[in-house]
Amino acid sequence: MDCWKGGRWRQALELYQDMVKSGDAPQPDIFTFNIVLGSCARGGQYEQATQVFDYMTSSGVSPDTISYNAVVGALARGGLWRKSLSYFQKMREQQLRPDSNTYNALILVCATAGELGQAKDLYEEMIASGTEVEIRTCNALLSAFCSAGNFEDALEFSDEIKSRNIEWDVTTMNSVLISQAVLRKWDSAIQTFEDMKRSGLKPDLLTYNALITALANGGKGDRALQVADEMIRSGIDPDEQTVALIQALSNGEYATGMEEMHVDEEGNLDIR
């Protein structure tokens with residue numbers, strides 16, 4: 001039992017298989033199936049999770065929300081957004097109510113896969129259902145907006161997050177700063193940075209790179225260099241992007257009309 005709760009999926013699966021094969025041992029019930037499914041999900045074993053789920057249904061045990069969340073979560077961890085949605089559809093057909101874990105897994109996998117329209121639809125459905133929205137869900141959508149180059153939409157969505165009184169974290173702030181940097185909203189970027197510090201959040205390398213870029217794009221080179229100095233004094237080591245920015249600004253070679261800025265899949269601002 002401890003190995004099941006601890007997420008050691010291989011041991012959990014072996015114990016489950018022993019139960020299934022043994023004619024004397026009690027057959028798995030919904031509680032047992034859910035523990036095994038959860039262990040497989042936490043271990044990233046989506047193939048095993050779907051096999052256990054399919055055996056459960058074929059043996060006459062009806063899955064519940066926990067069962068579906070486990071298999072959807074396992075598939076989402078594997079990046080299989082289409083298959084995740086297929087199990088989500090089965091869940092709804094059985095009139096089971098999705099919860100925040102269901103939506104979080106689906107929105108995260110769809111956003112990561114670049115399926116922004118699907119992720120937005122799921123988010124709107126989540127809101128309409130009254131399910132509590134977590135900041136990690138919002139961050140997945142923000143990152144997807146940025147990766148797709150929809151920076152105005154990202155800022156509009158950040159306003160919605162704020163209107164719902166969902167507390168921002170560093171990831172949220174960075175996505176907003178990146179959008180403001182690309183859109184050359186340097187004054188808004190400064191405000192975001194100050195709000196970040198007032199809220200007790202600690203800026204990281206991405207935070208500073210985005211703010212420096214926003215200031216540089218706004219023609220505020222001296223202010224950008226001051227921020228770079230603040231970053232170094234705070235103990236954050238510059239990366240290649242920071243060094244390139246500082247050198248270009250120091251030499252008066254920074255081009256504010258740079259058109260090659262984009263955000264990669266990991267949310268990093270690439271200005272080279």
# chains A, B, ... in the order shown; residues from 1 in each chain; ligands from 1
$ residues_around --residues "Ser129 (chain A)" --least-positions-apart "5" --cutoff "10 Å" --atoms "only C-alpha atoms" --output "ChimeraX atom specification"
/A:97-99,123-124
$ residues_around --residues "region 188-197 of chain A" --least-positions-apart "6" --cutoff "8 Å" --atoms "only C-alpha atoms" --output "ChimeraX atom specification"
/A:170,173,176-177,180-181,203,211,214
$ write_last_selection --atoms "all heavy atoms" --output "short mmCIF file (atom, residue, chain, number, x, y, z; two decimals), in the first residue's frame"
data_model
loop_
_atom_site.label_atom_id
_atom_site.label_comp_id
_atom_site.auth_asym_id
_atom_site.auth_seq_id
_atom_site.Cartn_x
_atom_site.Cartn_y
_atom_site.Cartn_z
N VAL A 170 5.66 34.66 -10.17
CA VAL A 170 6.77 35.14 -11.00
C VAL A 170 6.55 34.80 -12.47
O VAL A 170 6.83 35.61 -13.36
CB VAL A 170 8.11 34.55 -10.51
CG1 VAL A 170 9.25 34.92 -11.45
CG2 VAL A 170 8.42 35.05 -9.10
N MET A 173 4.12 37.30 -13.97
CA MET A 173 4.79 38.59 -14.15
C MET A 173 5.73 38.56 -15.35
O MET A 173 5.78 39.51 -16.15
CB MET A 173 5.58 38.94 -12.89
CG MET A 173 4.75 39.20 -11.66
SD MET A 173 3.92 40.81 -11.75
CE MET A 173 3.25 40.94 -10.08
N VAL A 176 3.87 38.74 -18.64
CA VAL A 176 3.39 40.10 -18.87
C VAL A 176 4.54 41.01 -19.29
O VAL A 176 4.42 41.80 -20.24
CB VAL A 176 2.70 40.65 -17.60
CG1 VAL A 176 2.39 42.14 -17.74
CG2 VAL A 176 1.41 39.87 -17.33
N LEU A 177 5.68 40.90 -18.62
CA LEU A 177 6.85 41.73 -18.95
C LEU A 177 7.35 41.43 -20.36
O LEU A 177 7.73 42.35 -21.10
CB LEU A 177 7.97 41.49 -17.94
CG LEU A 177 7.86 42.24 -16.62
CD1 LEU A 177 8.85 41.68 -15.60
CD2 LEU A 177 8.10 43.73 -16.82
N GLN A 180 5.01 43.12 -22.75
CA GLN A 180 5.24 44.57 -22.73
C GLN A 180 6.55 44.92 -23.42
O GLN A 180 6.65 45.96 -24.09
CB GLN A 180 5.23 45.06 -21.29
CG GLN A 180 3.86 44.98 -20.64
CD GLN A 180 3.88 45.15 -19.14
OE1 GLN A 180 4.91 44.93 -18.49
NE2 GLN A 180 2.74 45.53 -18.56
N ALA A 181 7.55 44.06 -23.30
CA ALA A 181 8.84 44.31 -23.95
C ALA A 181 8.69 44.25 -25.47
O ALA A 181 9.18 45.14 -26.19
CB ALA A 181 9.88 43.29 -23.49
N PRO A 203 12.32 38.86 -8.50
CA PRO A 203 12.63 38.83 -9.93
C PRO A 203 13.73 37.81 -10.23
O PRO A 203 14.65 37.62 -9.44
CB PRO A 203 13.11 40.26 -10.23
CG PRO A 203 12.58 41.09 -9.11
CD PRO A 203 12.56 40.19 -7.90
N LEU A 211 12.63 43.21 -18.77
CA LEU A 211 12.55 44.63 -18.42
C LEU A 211 13.64 45.44 -19.15
O LEU A 211 13.36 46.53 -19.65
CB LEU A 211 12.69 44.80 -16.91
CG LEU A 211 12.63 46.25 -16.40
CD1 LEU A 211 11.33 46.93 -16.80
CD2 LEU A 211 12.81 46.29 -14.88
N ALA A 214 12.49 45.86 -22.65
CA ALA A 214 11.40 46.83 -22.75
C ALA A 214 11.94 48.26 -22.70
O ALA A 214 11.53 49.12 -23.49
CB ALA A 214 10.40 46.60 -21.62
#
$ closest_residue --among "A:Ala49, A:Cys138, A:Ala119, A:Ser62" --to "Lys162 (chain A)" --atoms "only C-alpha atoms"
A:Cys138
$ closest_residue --among "A:Ala148, A:Met91, A:Leu215, A:Ala210" --to "Glu115 (chain A)" --atoms "only C-alpha atoms"
A:Ala148
$ residues_around --residues "Tyr68 (chain A)" --least-positions-apart "4" --cutoff "8 Å" --atoms "only C-alpha atoms" --output "list in words"
Pro63, Asp64, Val72, Tyr87, Phe88, Met91 and Thr102 of chain A
$ write_last_selection --atoms "all heavy atoms" --output "tab-separated table (two decimals), in the first residue's frame"
chain	number	residue	atom	x	y	z
A	63	PRO	N	-15.67	3.88	-13.71
A	63	PRO	CA	-14.70	4.91	-13.28
A	63	PRO	C	-15.41	6.13	-12.72
A	63	PRO	O	-16.55	6.42	-13.09
A	63	PRO	CB	-13.96	5.25	-14.58
A	63	PRO	CG	-14.92	4.89	-15.67
A	63	PRO	CD	-15.71	3.71	-15.17
A	64	ASP	N	-14.74	6.79	-11.80
A	64	ASP	CA	-15.26	8.04	-11.27
A	64	ASP	C	-14.36	9.20	-11.71
A	64	ASP	O	-13.46	9.01	-12.54
A	64	ASP	CB	-15.39	7.97	-9.74
A	64	ASP	CG	-14.07	7.66	-9.05
A	64	ASP	OD1	-13.01	7.74	-9.69
A	64	ASP	OD2	-14.10	7.34	-7.84
A	72	VAL	N	-6.33	11.02	-17.64
A	72	VAL	CA	-6.16	12.27	-18.39
A	72	VAL	C	-4.84	12.93	-18.02
A	72	VAL	O	-4.09	13.41	-18.88
A	72	VAL	CB	-7.34	13.24	-18.13
A	72	VAL	CG1	-7.02	14.64	-18.63
A	72	VAL	CG2	-8.60	12.72	-18.80
A	87	TYR	N	-10.60	11.01	-23.64
A	87	TYR	CA	-11.05	10.51	-22.34
A	87	TYR	C	-11.91	11.55	-21.62
A	87	TYR	O	-12.84	11.20	-20.89
A	87	TYR	CB	-9.85	10.11	-21.49
A	87	TYR	CG	-9.35	8.72	-21.81
A	87	TYR	CD1	-8.41	8.51	-22.81
A	87	TYR	CD2	-9.82	7.60	-21.11
A	87	TYR	CE1	-7.95	7.24	-23.12
A	87	TYR	CE2	-9.36	6.32	-21.41
A	87	TYR	CZ	-8.43	6.14	-22.41
A	87	TYR	OH	-7.99	4.87	-22.72
A	88	PHE	N	-11.60	12.81	-21.84
A	88	PHE	CA	-12.43	13.89	-21.28
A	88	PHE	C	-13.84	13.81	-21.84
A	88	PHE	O	-14.83	13.99	-21.10
A	88	PHE	CB	-11.79	15.23	-21.62
A	88	PHE	CG	-12.54	16.43	-21.13
A	88	PHE	CD1	-12.86	16.58	-19.79
A	88	PHE	CD2	-12.93	17.43	-22.02
A	88	PHE	CE1	-13.54	17.70	-19.34
A	88	PHE	CE2	-13.61	18.54	-21.58
A	88	PHE	CZ	-13.92	18.68	-20.24
A	91	MET	N	-15.67	11.06	-20.22
A	91	MET	CA	-16.04	11.49	-18.86
A	91	MET	C	-17.35	12.26	-18.88
A	91	MET	O	-18.25	12.03	-18.06
A	91	MET	CB	-14.91	12.35	-18.30
A	91	MET	CG	-15.10	12.83	-16.89
A	91	MET	SD	-13.70	13.87	-16.38
A	91	MET	CE	-14.06	14.06	-14.64
A	102	THR	N	-8.90	18.14	-13.64
A	102	THR	CA	-9.22	17.75	-15.02
A	102	THR	C	-8.87	18.88	-15.98
A	102	THR	O	-8.15	18.69	-16.96
A	102	THR	CB	-10.72	17.42	-15.16
A	102	THR	OG1	-11.20	16.73	-14.01
A	102	THR	CG2	-10.97	16.61	-16.41
$ select_by_dssp --residues "region 22-261 of chain A" --states "alpha helix (DSSP H)" --output "ChimeraX atom specification"
/A:30-42,46-58,65-77,81-93,100-112,116-128,135-147,151-163,170-182,186-198,205-217,221-233,240-250
